[in-house]
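Okay, upload.cif now, which holds mmCIF, C-alpha atoms:
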data_work
#
loop_
_atom_site.label_atom_id
_atom_site.label_comp_id
_atom_site.auth_asym_id
_atom_site.auth_seq_id
_atom_site.Cartn_x
_atom_site.Cartn_y
_atom_site.Cartn_z
CA MET A 80 -48.89 -9.22 123.11
CA ALA A 81 -52.23 -11.00 123.28
CA GLY A 82 -51.65 -11.70 126.97
CA LYS A 83 -50.96 -8.02 127.54
CA SER A 84 -54.18 -7.15 125.70
CA ARG A 85 -56.17 -9.51 127.90
CA GLY A 86 -54.49 -8.02 130.96
CA GLU A 87 -55.40 -4.52 129.84
CA GLN A 88 -59.00 -5.55 129.26
CA ARG A 89 -59.11 -7.14 132.71
CA ILE A 90 -57.85 -3.92 134.27
CA GLY A 91 -60.42 -1.98 132.26
CA LEU A 92 -63.24 -4.23 133.40
CA LEU A 93 -62.20 -3.94 137.04
CA ASN A 94 -62.12 -0.16 136.75
CA GLY A 95 -65.49 -0.18 135.01
CA PHE A 96 -67.02 -2.27 137.78
CA ALA A 97 -65.45 0.05 140.35
CA ALA A 98 -66.74 3.22 138.67
CA TYR A 99 -70.31 2.10 138.12
CA GLY A 100 -70.38 0.28 141.44
CA MET A 101 -69.45 3.49 143.27
CA TRP A 102 -72.00 5.48 141.31
CA GLY A 103 -74.59 2.84 142.14
CA LEU A 104 -73.82 2.93 145.87
CA VAL A 105 -73.59 6.71 146.20
CA PRO A 106 -77.17 6.98 147.61
CA LEU A 107 -75.65 5.62 150.82
CA PHE A 108 -73.37 8.67 151.05
CA TRP A 109 -75.68 11.67 150.63
CA PRO A 110 -77.82 10.98 153.75
CA LEU A 111 -74.63 11.05 155.84
CA LEU A 112 -74.38 14.78 155.08
CA LYS A 113 -77.59 15.71 156.86
CA PRO A 114 -78.59 18.12 158.38
CA ALA A 115 -77.05 19.97 155.40
CA GLY A 116 -79.67 20.64 152.76
CA ALA A 117 -79.41 19.58 149.13
CA ILE A 118 -78.27 23.01 147.90
CA GLU A 119 -75.55 23.28 150.54
CA ILE A 120 -74.34 19.76 149.71
CA LEU A 121 -74.37 20.63 146.01
CA ALA A 122 -72.34 23.80 146.60
CA HIS A 123 -69.76 21.91 148.64
CA ARG A 124 -69.55 19.27 145.91
CA MET A 125 -68.75 21.97 143.34
CA VAL A 126 -66.13 23.66 145.51
CA TRP A 127 -64.34 20.52 146.67
CA SER A 128 -64.50 18.89 143.22
CA LEU A 129 -62.39 21.73 141.85
CA ALA A 130 -59.93 21.32 144.73
CA VAL A 131 -59.53 17.58 144.16
CA VAL A 132 -59.32 17.85 140.37
CA GLY A 133 -56.84 20.72 140.69
CA VAL A 134 -54.53 18.53 142.76
CA LEU A 135 -54.84 15.67 140.27
CA LEU A 136 -54.03 17.94 137.34
CA LEU A 137 -51.08 19.36 139.26
CA VAL A 138 -49.72 15.87 139.92
CA THR A 139 -50.22 14.70 136.33
CA ARG A 140 -49.13 18.06 134.85
CA ARG A 141 -52.04 18.12 132.43
CA TRP A 142 -52.52 21.85 131.83
CA ALA A 143 -52.01 22.32 128.08
CA TRP A 144 -55.72 21.86 127.33
CA ALA A 145 -56.66 24.91 129.47
CA GLY A 146 -54.87 27.41 127.24
CA GLU A 147 -56.39 25.88 124.13
CA LEU A 148 -59.87 26.00 125.68
CA LEU A 149 -59.52 29.69 126.59
CA ARG A 150 -58.84 30.45 122.93
CA GLN A 151 -62.08 28.79 121.80
CA PRO A 152 -65.12 30.87 122.86
CA ARG A 153 -67.58 28.39 121.37
CA LYS A 154 -66.16 25.53 123.43
CA LEU A 155 -66.20 27.73 126.52
CA ALA A 156 -69.86 28.47 125.92
CA LEU A 157 -70.61 24.76 125.57
CA ILE A 158 -68.68 24.00 128.77
CA THR A 159 -70.80 26.63 130.53
CA VAL A 160 -73.97 24.96 129.27
CA ALA A 161 -72.65 21.57 130.39
CA ALA A 162 -71.82 22.97 133.84
CA ALA A 163 -75.32 24.42 134.19
CA VAL A 164 -77.04 21.21 133.09
CA ILE A 165 -74.96 18.93 135.32
CA THR A 166 -75.59 21.30 138.23
CA VAL A 167 -79.31 20.71 137.80
CA ASN A 168 -78.71 16.96 137.51
CA TRP A 169 -76.57 16.79 140.64
CA GLY A 170 -78.90 18.98 142.65
CA VAL A 171 -82.04 17.03 141.75
CA TYR A 172 -80.30 13.73 142.45
CA ILE A 173 -79.04 14.77 145.89
CA TRP A 174 -82.45 16.17 146.81
CA ALA A 175 -84.21 13.02 145.55
CA VAL A 176 -82.01 10.66 147.56
CA ASN A 177 -82.27 12.66 150.77
CA SER A 178 -86.03 13.09 150.31
CA GLY A 179 -86.80 9.37 149.96
CA HIS A 180 -87.03 9.09 146.17
CA VAL A 181 -84.12 6.75 145.42
CA VAL A 182 -86.19 4.39 143.25
CA GLU A 183 -87.58 7.24 141.16
CA ALA A 184 -84.05 8.62 140.78
CA SER A 185 -82.82 5.23 139.54
CA LEU A 186 -85.60 5.26 136.96
CA GLY A 187 -84.10 8.44 135.50
CA TYR A 188 -80.91 6.60 134.60
CA PHE A 189 -82.80 3.59 133.29
CA ILE A 190 -84.76 5.73 130.81
CA ASN A 191 -81.79 7.93 129.92
CA PRO A 192 -80.76 5.81 126.88
CA LEU A 193 -84.30 6.12 125.52
CA VAL A 194 -84.27 9.88 126.02
CA THR A 195 -80.85 10.06 124.34
CA ILE A 196 -82.22 8.25 121.30
CA ALA A 197 -85.32 10.45 121.18
CA MET A 198 -83.15 13.57 121.28
CA GLY A 199 -81.01 12.14 118.48
CA VAL A 200 -84.11 11.81 116.32
CA LEU A 201 -85.57 15.21 117.20
CA LEU A 202 -82.41 17.32 117.29
CA LEU A 203 -79.88 15.50 115.11
CA LYS A 204 -82.37 14.02 112.62
CA GLU A 205 -81.03 10.51 113.17
CA ARG A 206 -82.89 7.58 111.63
CA LEU A 207 -83.94 4.65 113.80
CA ARG A 208 -84.41 1.01 112.93
CA PRO A 209 -87.76 -0.65 113.69
CA VAL A 210 -86.53 -2.28 116.91
CA GLN A 211 -85.31 1.09 118.16
CA TRP A 212 -88.67 2.67 117.42
CA ALA A 213 -90.30 -0.18 119.34
CA ALA A 214 -88.00 0.46 122.31
CA VAL A 215 -88.85 4.16 122.36
CA GLY A 216 -92.57 3.35 122.11
CA VAL A 217 -92.38 0.87 125.00
CA GLY A 218 -90.46 3.46 127.01
CA ALA A 219 -93.15 6.06 126.40
CA ALA A 220 -95.80 3.55 127.51
CA ALA A 221 -93.75 2.93 130.66
CA VAL A 222 -93.76 6.63 131.53
CA LEU A 223 -97.54 6.68 131.06
CA VAL A 224 -97.99 3.68 133.35
CA LEU A 225 -95.70 5.22 135.96
CA THR A 226 -97.59 8.51 135.73
CA ILE A 227 -100.77 6.64 136.61
CA GLY A 228 -98.97 4.74 139.37
CA TYR A 229 -97.46 7.83 140.99
CA GLY A 230 -100.56 9.95 140.44
CA ARG A 231 -98.28 12.44 138.66
CA PRO A 232 -95.59 12.33 135.97
CA PRO A 233 -92.29 10.95 137.33
CA TRP A 234 -90.76 14.42 137.33
CA ILE A 235 -87.59 13.44 139.18
CA SER A 236 -86.84 10.66 136.68
CA LEU A 237 -87.64 12.84 133.67
CA CYS A 238 -85.55 15.73 134.97
CA LEU A 239 -82.55 13.47 135.61
CA ALA A 240 -82.89 11.71 132.26
CA PHE A 241 -83.32 14.85 130.15
CA SER A 242 -80.63 16.84 131.98
CA PHE A 243 -78.11 14.02 131.61
CA ALA A 244 -79.04 13.37 127.98
CA THR A 245 -78.55 17.08 127.25
CA TYR A 246 -75.26 16.97 129.13
CA GLY A 247 -74.08 14.03 127.02
CA LEU A 248 -75.08 15.82 123.81
CA VAL A 249 -73.14 18.94 124.77
CA LYS A 250 -70.12 16.97 125.93
CA LYS A 251 -69.87 15.15 122.60
CA LYS A 252 -69.48 18.53 120.92
CA VAL A 253 -66.88 19.74 123.46
CA ASN A 254 -64.75 16.58 123.19
CA LEU A 255 -62.63 17.01 126.33
CA GLY A 256 -61.22 14.23 128.48
CA GLY A 257 -63.13 13.31 131.64
CA LEU A 258 -60.71 14.88 134.14
CA GLU A 259 -60.18 17.99 132.06
CA SER A 260 -63.90 18.38 131.49
CA LEU A 261 -64.68 18.09 135.19
CA ALA A 262 -61.98 20.69 135.92
CA ALA A 263 -63.42 23.14 133.39
CA GLU A 264 -66.99 22.65 134.60
CA SER A 265 -65.97 22.88 138.27
CA THR A 266 -64.12 26.12 137.55
CA ILE A 267 -67.32 27.62 136.18
CA GLN A 268 -69.33 26.27 139.11
CA PHE A 269 -66.81 27.35 141.76
CA LEU A 270 -67.54 31.05 142.22
CA PRO A 271 -71.36 30.78 142.42
CA ALA A 272 -71.01 27.81 144.78
CA LEU A 273 -68.49 29.58 146.99
CA ALA A 274 -70.62 32.74 147.04
CA TYR A 275 -73.63 30.69 148.16
CA LEU A 276 -71.65 29.01 150.95
CA LEU A 277 -70.33 32.36 152.17
CA TRP A 278 -73.84 33.81 152.12
CA VAL A 279 -75.27 30.86 154.04
CA GLY A 280 -72.41 31.13 156.51
CA SER A 281 -73.01 34.86 157.04
CA ARG A 282 -76.60 34.07 157.99
CA GLY A 283 -75.50 31.43 160.47
CA ASP A 284 -77.26 28.64 158.56
CA ALA A 285 -74.16 26.78 157.33
CA THR A 286 -73.57 23.32 158.77
CA PHE A 287 -69.91 23.04 157.74
CA THR A 288 -68.56 24.53 160.97
CA ALA A 289 -71.59 23.96 163.16
CA GLN A 290 -71.80 20.15 163.16
CA GLY A 291 -68.28 19.19 164.17
CA PRO A 292 -65.13 18.13 162.29
CA GLY A 293 -66.62 14.82 161.17
CA HIS A 294 -69.44 16.55 159.31
CA ALA A 295 -67.00 19.04 157.77
CA ALA A 296 -64.79 16.18 156.59
CA LEU A 297 -67.76 14.44 154.98
CA LEU A 298 -68.73 17.62 153.12
CA ALA A 299 -65.15 18.00 151.91
CA ALA A 300 -65.21 14.36 150.79
CA THR A 301 -67.85 15.23 148.18
CA GLY A 302 -64.96 16.21 145.92
CA VAL A 303 -63.39 12.78 146.30
CA VAL A 304 -66.75 11.06 145.79
CA THR A 305 -67.05 12.96 142.50
CA ALA A 306 -63.49 12.46 141.23
CA ILE A 307 -62.56 8.87 142.14
CA PRO A 308 -65.32 7.09 140.12
CA LEU A 309 -64.49 9.37 137.20
CA ILE A 310 -60.83 8.33 137.31
CA CYS A 311 -61.84 4.66 137.34
CA PHE A 312 -64.23 5.31 134.47
CA GLY A 313 -61.46 6.97 132.46
CA ALA A 314 -59.20 3.97 133.03
CA ALA A 315 -61.97 1.66 131.82
CA ALA A 316 -62.97 3.75 128.81
CA ILE A 317 -59.56 3.42 127.14
CA ARG A 318 -59.30 -0.34 127.72
CA VAL A 319 -62.71 -1.91 127.03
CA PRO A 320 -65.11 -1.62 124.08
CA LEU A 321 -67.83 1.02 124.13
CA SER A 322 -70.53 -1.65 124.06
CA THR A 323 -69.07 -3.25 127.19
CA LEU A 324 -69.11 0.09 128.99
CA GLY A 325 -72.69 0.51 127.86
CA LEU A 326 -73.69 -2.74 129.51
CA LEU A 327 -71.72 -1.94 132.66
CA GLN A 328 -73.48 1.41 133.03
CA TYR A 329 -76.72 -0.37 133.95
CA MET A 330 -75.03 -1.42 137.20
CA ALA A 331 -75.54 2.06 138.66
CA PRO A 332 -79.34 2.32 138.36
CA VAL A 333 -79.73 -1.37 139.28
CA PHE A 334 -77.82 -0.82 142.53
CA GLN A 335 -79.78 2.37 143.19
CA PHE A 336 -83.05 0.59 142.55
CA LEU A 337 -82.15 -2.26 144.91
CA LEU A 338 -81.00 0.17 147.60
CA GLY A 339 -84.26 2.08 147.30
CA ILE A 340 -86.31 -1.05 147.88
CA PHE A 341 -84.25 -3.09 150.34
CA TYR A 342 -82.27 -0.48 152.25
CA PHE A 343 -84.45 2.64 152.18
CA HIS A 344 -87.68 0.55 152.12
CA GLU A 345 -89.44 2.65 149.51
CA ALA A 346 -92.88 1.50 148.38
CA MET A 347 -93.24 -0.39 145.10
CA PRO A 348 -96.93 -1.02 144.35
CA ALA A 349 -97.92 -3.20 141.42
CA GLU A 350 -98.36 -0.36 138.94
CA ARG A 351 -94.79 0.84 139.56
CA TRP A 352 -93.46 -2.67 139.02
CA ALA A 353 -95.39 -2.71 135.74
CA GLY A 354 -93.86 0.60 134.68
CA PHE A 355 -90.34 -0.54 135.54
CA ALA A 356 -90.91 -3.83 133.73
CA LEU A 357 -91.80 -1.91 130.57
CA VAL A 358 -88.66 0.21 130.92
CA TRP A 359 -86.52 -2.91 131.28
CA LEU A 360 -88.22 -4.44 128.23
CA ALA A 361 -87.43 -1.32 126.21
CA LEU A 362 -83.79 -1.42 127.33
CA SER A 363 -83.57 -5.12 126.45
CA LEU A 364 -84.80 -4.38 122.93
CA LEU A 365 -82.37 -1.51 122.59
CA THR A 366 -79.42 -3.51 123.86
CA PHE A 367 -80.19 -6.49 121.63
CA ASP A 368 -80.47 -4.30 118.56
CA ALA A 369 -77.29 -2.39 119.33
CA LEU A 370 -75.20 -5.50 119.95
CA ARG A 371 -76.54 -7.09 116.77
CA ALA A 372 -75.61 -3.96 114.78
CA ALA A 373 -72.15 -3.88 116.36
CA ARG A 374 -71.53 -7.53 115.43
CA ARG A 375 -72.69 -6.85 111.87
CA GLY A 376 -70.32 -3.89 111.58
CA ALA A 377 -67.39 -5.88 112.98
CA ARG A 378 -68.09 -8.72 110.55
CA ALA A 379 -68.18 -6.26 107.63
CA LEU A 380 -64.81 -4.84 108.65
CA ARG A 381 -63.26 -8.31 108.89
CA GLU A 382 -64.56 -9.23 105.44
CA ALA A 383 -63.21 -5.97 104.03
CA ALA A 384 -59.81 -6.64 105.59
CA ARG A 385 -59.70 -10.11 104.00
CA ALA A 386 -60.69 -8.63 100.66
CA ASP A 387 -57.95 -6.03 100.97
CA SER A 388 -55.35 -8.71 101.69
CA ALA A 389 -56.43 -10.68 98.65
CA ALA A 390 -56.51 -7.60 96.45
CA THR A 391 -53.09 -6.46 97.64
CA ALA A 392 -51.68 -9.85 96.72
CA ALA A 393 -53.20 -9.41 93.26
CA GLY A 394 -51.70 -5.93 92.87
CA THR A 395 -54.99 -4.01 93.23
CA GLY A 396 -54.54 -2.74 96.77
CA ALA A 397 -55.61 0.84 96.00
CA GLY A 398 -59.07 -0.15 94.84
CA ALA A 399 -59.52 -2.51 97.75
CA THR A 400 -58.50 0.21 100.19
CA ALA A 401 -61.30 2.36 98.82
CA GLY A 402 -63.62 -0.57 99.38
CA ILE A 403 -62.48 -0.80 102.99
CA ALA A 404 -63.25 2.88 103.52
CA GLU A 405 -66.76 2.34 102.20
CA VAL A 406 -67.38 -0.68 104.42
CA ALA A 407 -65.88 1.14 107.41
CA ALA A 408 -68.32 3.97 106.83
CA VAL A 409 -71.19 1.48 106.95
CA ALA A 410 -69.76 -0.16 110.06
CA ALA A 411 -69.43 3.23 111.72
CA GLY A 412 -73.21 3.37 111.70
CA THR A 413 -73.13 1.11 114.74
CA ALA A 414 -71.59 3.87 116.89
CA PRO A 415 -74.84 5.74 117.68
CA GLU A 416 -76.43 2.53 118.93
CA ALA A 417 -73.43 1.74 121.13
CA ALA A 418 -73.51 5.28 122.45
CA ALA A 419 -77.20 4.88 123.17
CA ILE A 420 -76.45 1.82 125.28
CA ALA A 421 -73.86 3.85 127.14
CA ALA A 422 -76.60 6.38 127.91
CA GLY A 423 -74.53 9.25 126.69
CA THR A 424 -71.97 8.66 129.42
CA VAL A 425 -69.09 7.84 127.13
CA GLY A 426 -69.44 10.38 124.36
CA SER A 427 -66.48 10.69 122.08
CA ALA A 428 -65.14 7.14 122.19
CA GLY A 429 -65.16 7.04 125.94
CA ARG A 430 -63.52 10.40 126.68
CA THR A 431 -66.23 12.60 128.17
CA GLY A 432 -66.73 10.93 131.50
CA SER A 433 -69.95 10.32 133.40
CA HIS A 434 -70.76 12.82 136.07
CA GLY A 435 -74.48 12.53 136.19
CA THR A 436 -75.09 9.23 137.86
CA SER A 437 -74.15 10.47 141.29
#

Turn this file's structure into structure tokens for me.
Amino acid sequence: MAGKSRGEQRIGLLNGFAAYGMWGLVPLFWPLLKPAGAIEILAHRMVWSLAVVGVLLLVTRRWAWAGELLRQPRKLALITVAAAVITVNWGVYIWAVNSGHVVEASLGYFINPLVTIAMGVLLLKERLRPVQWAAVGVGAAAVLVLTIGYGRPPWISLCLAFSFATYGLVKKKVNLGGLESLAAESTIQFLPALAYLLWVGSRGDATFTAQGPGHAALLAATGVVTAIPLICFGAAAIRVPLSTLGLLQYMAPVFQFLLGIFYFHEAMPAERWAGFALVWLALSLLTFDALRAARRGARALREAARADSAATAAGTGAGATAGIAEVAAVAAGTAPEAAAIAAGTVGSAGRTGSHGTS
């Protein structure tokens, strides 16, 4: 049994590396779609994502959730909000990559955990520990330094971070699986995207049929590029701890950052290095604090389990069980920190899926 558990964790890790690796390397894909503009690429991504996800749902016969969702207007409204927010995120990211702002785009996903924490404090009235406050403060200082370095606020980074943090917040409330969630959001996105493509085509400005079959195939592949990393992510989310996924998620912006510097040859003057260094310091503080809290919670649960075993042997199992519930409630306080590491990409115990990093 233990061997099987290790095997499952190994499979989960491999899928996690695959998912975040693909999301990290996706800046290499979007330039291949030129001369299509960012909005046309975005519209094709929405249309073909629904096609790919529809096929996957048909193969796996996972349709029961759709009927339940249609009977819940509040969830439908939240899915609509999620679809709108991720549309902004996708569009800004595609435009940023194809306009030579890969490094600034990567910054958005570096600061996303800090934005997620800040939103938790402001919107959900969550309480932070001193180290978390320090991380948020260092992150704010980093944005100030980068504003000076760029000569303007890093709007691309801030837009990506806030849109994805909002997306994660909404998705936690919806609580749908990754594939199902993408299907629901793509369904909402489909008609506006298709209408835009038809309008562009009627004007003769569409590139889908004008640039040859290779270009058309690449535009259609946007659906695959969206769905495949998500499938790998889903396979990882059910096999590895949330904290491990949180650490793996930093692969994506790291790869994007390195591509921006070494492949796209974007400038990195000293003040930008200073700003990024502050961001990485803030993330280091956040990660250290979260892992420490997770270890403390796990230790509390183990001690409670031992106490329950001893109490059961003494005939007082009911009282000890109540004690376990109390300790478990304390240990559950580590979940927001783990979710903060995961930058909102995991949501409800790894079920929401991460669509924003590409």

- List the residues matched by the PyMOL selection byres ((chain A and resi 295-302) around 12) in the displayed structure as a PyMOL selection string, ordered by chain and then by residue number. chain A and resi 105+108-117+119-135+169+173+261-262+265+276+285-294+303-309+434+437

- Result set of the PyMOL selection byres ((chain A and resi 97) around 12) on the coordinates above, as a ChimeraX atom specification: /A:90-96,98-104,307-315,324,327-328,330-331

- Write out as an NGL selection string each polymer residue whose atoms come within 12 Å of Leu338 (chain A), counting only C-alpha atoms; drop sequence neighbours fewer than 3 positions from it. :A and (103-108 or 176 or 179-185 or 331-335 or 341-346)

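Proximity of A:Ile196, A:Leu364, A:Leu357, A:Ala163 to Pro271 (chain A), computed with only C-alpha atoms, is greatest for A:Ala163.
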
- One residue among A:Phe189, A:Ile227, A:Gln268, A:Ala386 is nearest to Gly325 (chain A) when using all atoms listed in the file, and that residue is A:Phe189

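CA of Leu225 (chain A) sits 8.8 Å away from CA of Trp352 (chain A).
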
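In terms of minimum interatomic distance to Val210 (chain A), A:Ser363 ranks closest within A:Ser363, A:Ser388, A:Ala383, A:Arg85, counting all atoms listed in the file.
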
Once you count all atoms listed in the file, what closest atom pair and distance in Å to one decimal does each residue of region 130-182 of chain A within 7 Å of region 247-255 of chain A have, with rows by chain and rising residue number, as CSV?
residue,atom,partner,partner_atom,distance
A:Lys154,CA,A:Val253,CA,5.8
A:Leu157,CA,A:Val249,CA,6.4
A:Ala161,CA,A:Val249,CA,6.2

Next, dump the selected residues to file, keeping only C-alpha atoms, as a JSON list (two decimals), in the frame of the given file.
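Listing of selection.json after writing:
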[["chain", "number", "residue", "atom", "x", "y", "z"],
["A", 154, "LYS", "CA", -66.16, 25.53, 123.43],
["A", 157, "LEU", "CA", -70.61, 24.76, 125.57],
["A", 161, "ALA", "CA", -72.65, 21.57, 130.39]]

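Reported to one decimal place, the separation of CA of Gln151 (chain A) from CA of Tyr275 (chain A) is 28.8 Å.
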
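In this model, the gap between CA of Ala272 (chain A) and CA of Asn168 (chain A) comes to 15.2 Å.
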
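Nearest to Trp174 (chain A) of all the residues A:Leu360, A:Ala384, A:Leu239, A:Ala156 is A:Leu239, counting all atoms listed in the file.
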
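Considering all atoms listed in the file, the residue among A:Ala263, A:Leu148, A:Ala349, A:Leu365 positioned nearest to Pro209 (chain A) is A:Leu365.
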
- Go through A:Gly280, A:Pro348, A:Pro233, A:Gly257 and flag the residue nearest Leu186 (chain A), using all atoms listed in the file for the distances. A:Pro233

Please output region 231-240 of chain A, rebuilt to include all heavy atoms, as a PDB file, in the frame of the given file.
ATOM      1  N   ARG A 231     -98.918  11.259 139.259  1.00  0.00           N
ATOM      2  CA  ARG A 231     -98.280  12.440 138.660  1.00  0.00           C
ATOM      3  C   ARG A 231     -97.187  11.937 137.721  1.00  0.00           C
ATOM      4  O   ARG A 231     -96.744  10.787 137.839  1.00  0.00           O
ATOM      5  CB  ARG A 231     -97.635  13.316 139.741  1.00  0.00           C
ATOM      6  CG  ARG A 231     -96.607  12.558 140.574  1.00  0.00           C
ATOM      7  CD  ARG A 231     -95.790  13.436 141.484  1.00  0.00           C
ATOM      8  NE  ARG A 231     -94.899  12.647 142.340  1.00  0.00           N
ATOM      9  CZ  ARG A 231     -93.740  12.137 141.972  1.00  0.00           C
ATOM     10  NH1 ARG A 231     -93.322  12.328 140.722  1.00  0.00           N
ATOM     11  NH2 ARG A 231     -92.987  11.425 142.804  1.00  0.00           N
ATOM     12  N   PRO A 232     -96.741  12.760 136.780  1.00  0.00           N
ATOM     13  CA  PRO A 232     -95.590  12.330 135.970  1.00  0.00           C
ATOM     14  C   PRO A 232     -94.374  12.121 136.860  1.00  0.00           C
ATOM     15  O   PRO A 232     -94.204  12.825 137.865  1.00  0.00           O
ATOM     16  CB  PRO A 232     -95.377  13.519 135.010  1.00  0.00           C
ATOM     17  CG  PRO A 232     -96.703  14.211 134.956  1.00  0.00           C
ATOM     18  CD  PRO A 232     -97.312  14.047 136.320  1.00  0.00           C
ATOM     19  N   PRO A 233     -93.504  11.173 136.529  1.00  0.00           N
ATOM     20  CA  PRO A 233     -92.290  10.950 137.330  1.00  0.00           C
ATOM     21  C   PRO A 233     -91.269  12.065 137.077  1.00  0.00           C
ATOM     22  O   PRO A 233     -90.244  11.861 136.411  1.00  0.00           O
ATOM     23  CB  PRO A 233     -91.796   9.586 136.840  1.00  0.00           C
ATOM     24  CG  PRO A 233     -92.305   9.489 135.442  1.00  0.00           C
ATOM     25  CD  PRO A 233     -93.628  10.200 135.420  1.00  0.00           C
ATOM     26  N   TRP A 234     -91.552  13.240 137.656  1.00  0.00           N
ATOM     27  CA  TRP A 234     -90.760  14.420 137.330  1.00  0.00           C
ATOM     28  C   TRP A 234     -89.279  14.254 137.676  1.00  0.00           C
ATOM     29  O   TRP A 234     -88.413  14.726 136.944  1.00  0.00           O
ATOM     30  CB  TRP A 234     -91.325  15.652 138.065  1.00  0.00           C
ATOM     31  CG  TRP A 234     -92.681  16.066 137.602  1.00  0.00           C
ATOM     32  CD1 TRP A 234     -93.836  16.094 138.330  1.00  0.00           C
ATOM     33  CD2 TRP A 234     -93.036  16.508 136.274  1.00  0.00           C
ATOM     34  NE1 TRP A 234     -94.883  16.514 137.552  1.00  0.00           N
ATOM     35  CE2 TRP A 234     -94.432  16.782 136.290  1.00  0.00           C
ATOM     36  CE3 TRP A 234     -92.334  16.687 135.086  1.00  0.00           C
ATOM     37  CZ2 TRP A 234     -95.109  17.235 135.167  1.00  0.00           C
ATOM     38  CZ3 TRP A 234     -93.010  17.142 133.964  1.00  0.00           C
ATOM     39  CH2 TRP A 234     -94.376  17.400 134.017  1.00  0.00           C
ATOM     40  N   ILE A 235     -88.998  13.611 138.789  1.00  0.00           N
ATOM     41  CA  ILE A 235     -87.590  13.440 139.180  1.00  0.00           C
ATOM     42  C   ILE A 235     -86.860  12.622 138.113  1.00  0.00           C
ATOM     43  O   ILE A 235     -85.770  12.998 137.652  1.00  0.00           O
ATOM     44  CB  ILE A 235     -87.501  12.743 140.547  1.00  0.00           C
ATOM     45  CG1 ILE A 235     -88.075  13.652 141.633  1.00  0.00           C
ATOM     46  CG2 ILE A 235     -86.062  12.357 140.865  1.00  0.00           C
ATOM     47  CD1 ILE A 235     -88.206  12.984 142.985  1.00  0.00           C
ATOM     48  N   SER A 236     -87.465  11.518 137.698  1.00  0.00           N
ATOM     49  CA  SER A 236     -86.840  10.660 136.680  1.00  0.00           C
ATOM     50  C   SER A 236     -86.660  11.413 135.366  1.00  0.00           C
ATOM     51  O   SER A 236     -85.591  11.345 134.740  1.00  0.00           O
ATOM     52  CB  SER A 236     -87.709   9.420 136.440  1.00  0.00           C
ATOM     53  OG  SER A 236     -87.975   8.755 137.641  1.00  0.00           O
ATOM     54  N   LEU A 237     -87.701  12.121 134.944  1.00  0.00           N
ATOM     55  CA  LEU A 237     -87.640  12.840 133.670  1.00  0.00           C
ATOM     56  C   LEU A 237     -86.597  13.952 133.715  1.00  0.00           C
ATOM     57  O   LEU A 237     -85.853  14.162 132.746  1.00  0.00           O
ATOM     58  CB  LEU A 237     -89.016  13.403 133.322  1.00  0.00           C
ATOM     59  CG  LEU A 237     -90.093  12.351 133.020  1.00  0.00           C
ATOM     60  CD1 LEU A 237     -91.456  13.021 132.848  1.00  0.00           C
ATOM     61  CD2 LEU A 237     -89.737  11.556 131.765  1.00  0.00           C
ATOM     62  N   CYS A 238     -86.535  14.652 134.836  1.00  0.00           N
ATOM     63  CA  CYS A 238     -85.550  15.730 134.970  1.00  0.00           C
ATOM     64  C   CYS A 238     -84.126  15.169 134.910  1.00  0.00           C
ATOM     65  O   CYS A 238     -83.261  15.712 134.212  1.00  0.00           O
ATOM     66  CB  CYS A 238     -85.779  16.486 136.274  1.00  0.00           C
ATOM     67  SG  CYS A 238     -84.650  17.873 136.509  1.00  0.00           S
ATOM     68  N   LEU A 239     -83.885  14.076 135.624  1.00  0.00           N
ATOM     69  CA  LEU A 239     -82.550  13.470 135.610  1.00  0.00           C
ATOM     70  C   LEU A 239     -82.199  12.946 134.220  1.00  0.00           C
ATOM     71  O   LEU A 239     -81.079  13.137 133.734  1.00  0.00           O
ATOM     72  CB  LEU A 239     -82.482  12.332 136.632  1.00  0.00           C
ATOM     73  CG  LEU A 239     -82.521  12.742 138.105  1.00  0.00           C
ATOM     74  CD1 LEU A 239     -82.619  11.512 138.998  1.00  0.00           C
ATOM     75  CD2 LEU A 239     -81.290  13.563 138.468  1.00  0.00           C
ATOM     76  N   ALA A 240     -83.159  12.290 133.572  1.00  0.00           N
ATOM     77  CA  ALA A 240     -82.890  11.710 132.260  1.00  0.00           C
ATOM     78  C   ALA A 240     -82.627  12.793 131.211  1.00  0.00           C
ATOM     79  O   ALA A 240     -81.661  12.713 130.440  1.00  0.00           O
ATOM     80  CB  ALA A 240     -84.056  10.828 131.823  1.00  0.00           C
TER      81      ALA A 240
END
